[in-house]
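In what follows, a single structure is set out as structure tokens and then discussed.
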Amino acid sequence: MSRRGKTIFIIVLAIMASGLLLILKKMPIKSGKEVNIFQDFSLLETESEQFVLSRVTKIDFSQDKVFVFDQKQKKIFVFSESFSYLYSIGSPGQGPGELEDPVDFAVCSDKIVVLERFPRKLDIFTLNGEFLERVNLKIPEEISYSYPSAILPGPDTTFIFAYDLSDHLIDIHDAQGNYKSTLLKREEPIIIYRKNIGNESAIGFYNQKKSILHFNRLDGEFIEIYSDGVLGRKFRIQDASLQKIAGELRKNLEKESRPSNIQSDIISFLLYTNFCVDERDNLYVAKLRSDKDNSGQKIWIFDSEQKCHSGLVHLPDGEKVKALYFGNGQFYLVSDQDKIWVTRRRIP
């Protein structure tokens, strides 16, 4: 290249570099610092002269009420939108309207359905707490060792169930408790009479309630499925450290597994909370334990296109989030002290 050509080439490079710097200056700078996701917190009272909540197991909503399930007391406590206590549903026992081993419940349009695990039955109440009926669940013979652990109201008076340990991850039963179909199966086989890692299943509605999400609280994987059995999207929380922990737990368990004549030993490890979905189909899930530096509890948010970003949660008094729910435009965060903190998402 001639000296004149080299000079022209250098001038062109200088012009391009100047243009690039100008463009970069105009671009917004993305900070790697994670921000607090939620605004100020208010406390939903969990104790008064009328009631005491001891173990907040789940929260669900109707249009004008908040339903809080206390598994220890075997009751559902009902509050108004303004958090005034109204009444309770259920009581310990085996008779009509009494609860023996409740593990989950669902608010339907006109009733409350309580799932009882070891009796494998449903206790059904009106929204006002009046007992209606008891329905026995018919579990398929191939998973006779399984006990349902989570429930959602399905289409056309059906019910959707998930399991703690089963080859079936999500099943559908009719209103009479009869098994209809399996929506999702587990990839790893269940080996009876040996140690098994449980499913760690969390389920909930997604895509404006057109589909169901199954979340593995050990692996951090979401699987979307529709009520007709059609699979939707799969996506995962991208956290290398937690994925490494999950992999090591599985490997260690496989090494320890030995044939045995005792009943199957179910071992569960939870690295994530449950998940909740807001009115815009943003999905929220938090790391179950905060980092050692106490900078806050990490939370991931997936938008409706499954694009993910993360932030932090700082509960008052240094409490940690163990579960989170969304209803009536607000988030309800249950702490490790079984307090219920109500908040809204911070506007960026």
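Just remember, in the structure tokens the first chain shown is A, the second B, etc., residues are 1-based per chain, and ligands are 1-based in the order shown.
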| request: Considering only C-alpha atoms, return as a PyMOL selection string whatever protein or nucleic-acid residues lie within 10 Å of segment 329-341 of chain A, sequence-local ones (same chain, fewer than 5 positions apart) excluded. | output: chain A and resi 38+40-47+53-60+68+70+276-279+288+313+315-316+318-324
For the selection just defined, write its residues with N, CA and C atoms to a file, as a compact mmCIF listing (two decimals), in the first residue's frame.
```txt
# COMPACT_ATOMS: atom_id res chain seq x y z
N PHE A 38 -39.00 -4.78 45.29
CA PHE A 38 -40.28 -4.40 45.87
C PHE A 38 -40.20 -3.07 46.62
N ASP A 40 -42.16 -0.45 49.71
CA ASP A 40 -42.35 -0.59 51.15
C ASP A 40 -43.27 -1.75 51.49
N PHE A 41 -43.04 -2.35 52.65
CA PHE A 41 -43.80 -3.52 53.07
C PHE A 41 -44.79 -3.14 54.17
N SER A 42 -45.97 -3.77 54.13
CA SER A 42 -46.91 -3.69 55.24
C SER A 42 -47.15 -5.10 55.75
N LEU A 43 -47.43 -5.22 57.02
CA LEU A 43 -47.54 -6.53 57.64
C LEU A 43 -49.00 -6.93 57.78
N LEU A 44 -49.33 -8.11 57.27
CA LEU A 44 -50.66 -8.68 57.49
C LEU A 44 -50.62 -9.36 58.85
N GLU A 45 -51.47 -8.91 59.75
CA GLU A 45 -51.45 -9.43 61.11
C GLU A 45 -51.70 -10.94 61.12
N THR A 46 -50.85 -11.66 61.84
CA THR A 46 -51.00 -13.11 61.94
C THR A 46 -51.41 -13.54 63.35
N GLU A 47 -51.77 -12.56 64.20
CA GLU A 47 -52.20 -12.90 65.55
C GLU A 47 -53.13 -11.82 66.08
N LEU A 53 -51.99 -17.42 63.61
CA LEU A 53 -51.41 -18.21 62.54
C LEU A 53 -50.06 -18.75 63.00
N SER A 54 -49.86 -20.06 62.86
CA SER A 54 -48.61 -20.66 63.32
C SER A 54 -47.71 -21.10 62.18
N ARG A 55 -48.27 -21.59 61.08
CA ARG A 55 -47.47 -22.03 59.94
C ARG A 55 -48.19 -21.66 58.65
N VAL A 56 -47.73 -20.61 58.01
CA VAL A 56 -48.35 -20.15 56.76
C VAL A 56 -47.86 -21.05 55.63
N THR A 57 -48.77 -21.88 55.12
CA THR A 57 -48.40 -22.90 54.14
C THR A 57 -48.71 -22.48 52.71
N LYS A 58 -49.80 -21.72 52.52
CA LYS A 58 -50.16 -21.26 51.17
C LYS A 58 -51.14 -20.11 51.30
N ILE A 59 -51.13 -19.23 50.29
CA ILE A 59 -52.08 -18.13 50.20
C ILE A 59 -52.75 -18.17 48.84
N ASP A 60 -54.07 -18.01 48.82
CA ASP A 60 -54.81 -17.95 47.57
C ASP A 60 -55.86 -16.85 47.69
N VAL A 68 -55.67 -17.90 53.75
CA VAL A 68 -54.35 -18.28 54.25
C VAL A 68 -54.45 -19.66 54.89
N ASP A 70 -53.04 -22.70 57.04
CA ASP A 70 -52.13 -23.04 58.13
C ASP A 70 -52.14 -24.55 58.28
N CYS A 276 -44.62 -17.26 41.55
CA CYS A 276 -45.91 -16.63 41.36
C CYS A 276 -45.88 -15.84 40.05
N VAL A 277 -47.06 -15.53 39.53
CA VAL A 277 -47.19 -14.85 38.24
C VAL A 277 -48.11 -13.65 38.45
N ASP A 278 -47.69 -12.47 37.96
CA ASP A 278 -48.54 -11.29 38.12
C ASP A 278 -49.51 -11.14 36.95
N GLU A 279 -50.26 -10.03 36.92
CA GLU A 279 -51.31 -9.86 35.92
C GLU A 279 -50.75 -9.67 34.51
N LEU A 288 -33.88 -19.69 47.74
CA LEU A 288 -34.46 -20.01 49.04
C LEU A 288 -33.59 -19.50 50.19
N VAL A 313 -34.38 -9.04 47.16
CA VAL A 313 -35.47 -8.82 48.10
C VAL A 313 -34.87 -8.56 49.47
N LEU A 315 -36.47 -8.17 53.08
CA LEU A 315 -37.60 -8.11 54.00
C LEU A 315 -37.20 -7.35 55.26
N PRO A 316 -38.17 -6.73 55.92
CA PRO A 316 -37.87 -6.05 57.19
C PRO A 316 -37.30 -7.02 58.24
N GLY A 318 -34.55 -8.33 58.61
CA GLY A 318 -33.64 -9.37 58.15
C GLY A 318 -34.28 -10.72 57.91
N GLU A 319 -35.61 -10.77 57.82
CA GLU A 319 -36.29 -12.04 57.57
C GLU A 319 -36.05 -12.49 56.13
N LYS A 320 -36.24 -13.78 55.88
CA LYS A 320 -35.99 -14.37 54.56
C LYS A 320 -37.29 -14.86 53.94
N VAL A 321 -37.40 -14.71 52.63
CA VAL A 321 -38.59 -15.17 51.92
C VAL A 321 -38.57 -16.68 51.78
N LYS A 322 -39.66 -17.34 52.20
CA LYS A 322 -39.76 -18.78 51.97
C LYS A 322 -40.84 -19.11 50.94
N ALA A 323 -41.74 -18.17 50.65
CA ALA A 323 -42.77 -18.37 49.63
C ALA A 323 -43.29 -17.01 49.19
N LEU A 324 -43.78 -16.93 47.95
CA LEU A 324 -44.33 -15.68 47.45
C LEU A 324 -45.56 -15.94 46.60
```
| field | DSSP strand (DSSP E) selection over segment 285-337 of chain A, as a PyMOL selection string | value | chain A and resi 285-287+297-302+308-313+321-327+330-335
| request: Give me every helix (DSSP H, G or I) residue in segment 236-345 of chain A, going by DSSP on the backbone, as a PyMOL selection string. | output: chain A and resi 240-256+316-318
| message | List the spatial neighbours of Gly232 of chain A as a ChimeraX atom specification - criterion: any atom at most 9 Å away, only C-alpha atoms, same-chain residues fewer than 3 positions off excluded. | response | /A:211,223-226
Grab the residues selected above and save them as a short mmCIF file (atom, residue, chain, number, x, y, z; two decimals), in the first residue's frame with C-alpha atoms.
```
data_model
loop_
_atom_site.label_atom_id
_atom_site.label_comp_id
_atom_site.auth_asym_id
_atom_site.auth_seq_id
_atom_site.Cartn_x
_atom_site.Cartn_y
_atom_site.Cartn_z
CA SER A 211 -51.44 -23.13 30.42
CA ILE A 223 -42.04 -26.74 31.84
CA GLU A 224 -45.21 -25.28 30.32
CA ILE A 225 -48.05 -27.61 29.36
CA TYR A 226 -51.64 -27.15 28.23
#
```
| said: I'd like the contact shell of segment 125-133 of chain A - 10 Å cut-off, only C-alpha atoms, skipping same-chain residues fewer than 2 positions apart - returned as a ChimeraX atom specification. | reply: /A:62,65,67,76-78,86-90,96-98,107-114,122-123,135
Show me a table, sorted first by chain and then by increasing residue number, of the residues of segment 177-242 of chain A having an atom at most 9 Å from segment 295-310 of chain A, each with its shortest atom pair and the distance in Å to one decimal, counting only C-alpha atoms and written as a tab-separated table.
```
residue	atom	partner	partner_atom	distance
A:Asn207	CA	A:Ser304	CA	7.5
A:Arg233	CA	A:Gln306	CA	8.9
A:Phe235	CA	A:Gln306	CA	7.2
A:Ile237	CA	A:Trp300	CA	7.6
A:Gln238	CA	A:Cys308	CA	8.9
```
| task | Considering only C-alpha atoms, return as a count of residues only whatever protein or nucleic-acid residues lie within 6 Å of segment 146-150 of chain A, sequence-local ones (same chain, fewer than 4 positions apart) excluded. | result | 7
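Between Gln39 of chain A and the candidates A:Arg346, A:Asn274, A:Leu231, A:Ile203, the tightest atom-to-atom separation, counting only C-alpha atoms, involves A:Arg346.
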| Atomic distance atom CA of Asn328 of chain A - atom CA of Asn36 of chain A, expressed in Å with one decimal | 21.5 Å
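The residue that comes closest to Gly204 of chain A, out of A:Phe105, A:Phe159, A:Phe275, A:Tyr145 and on the basis of only C-alpha atoms, is A:Phe275.
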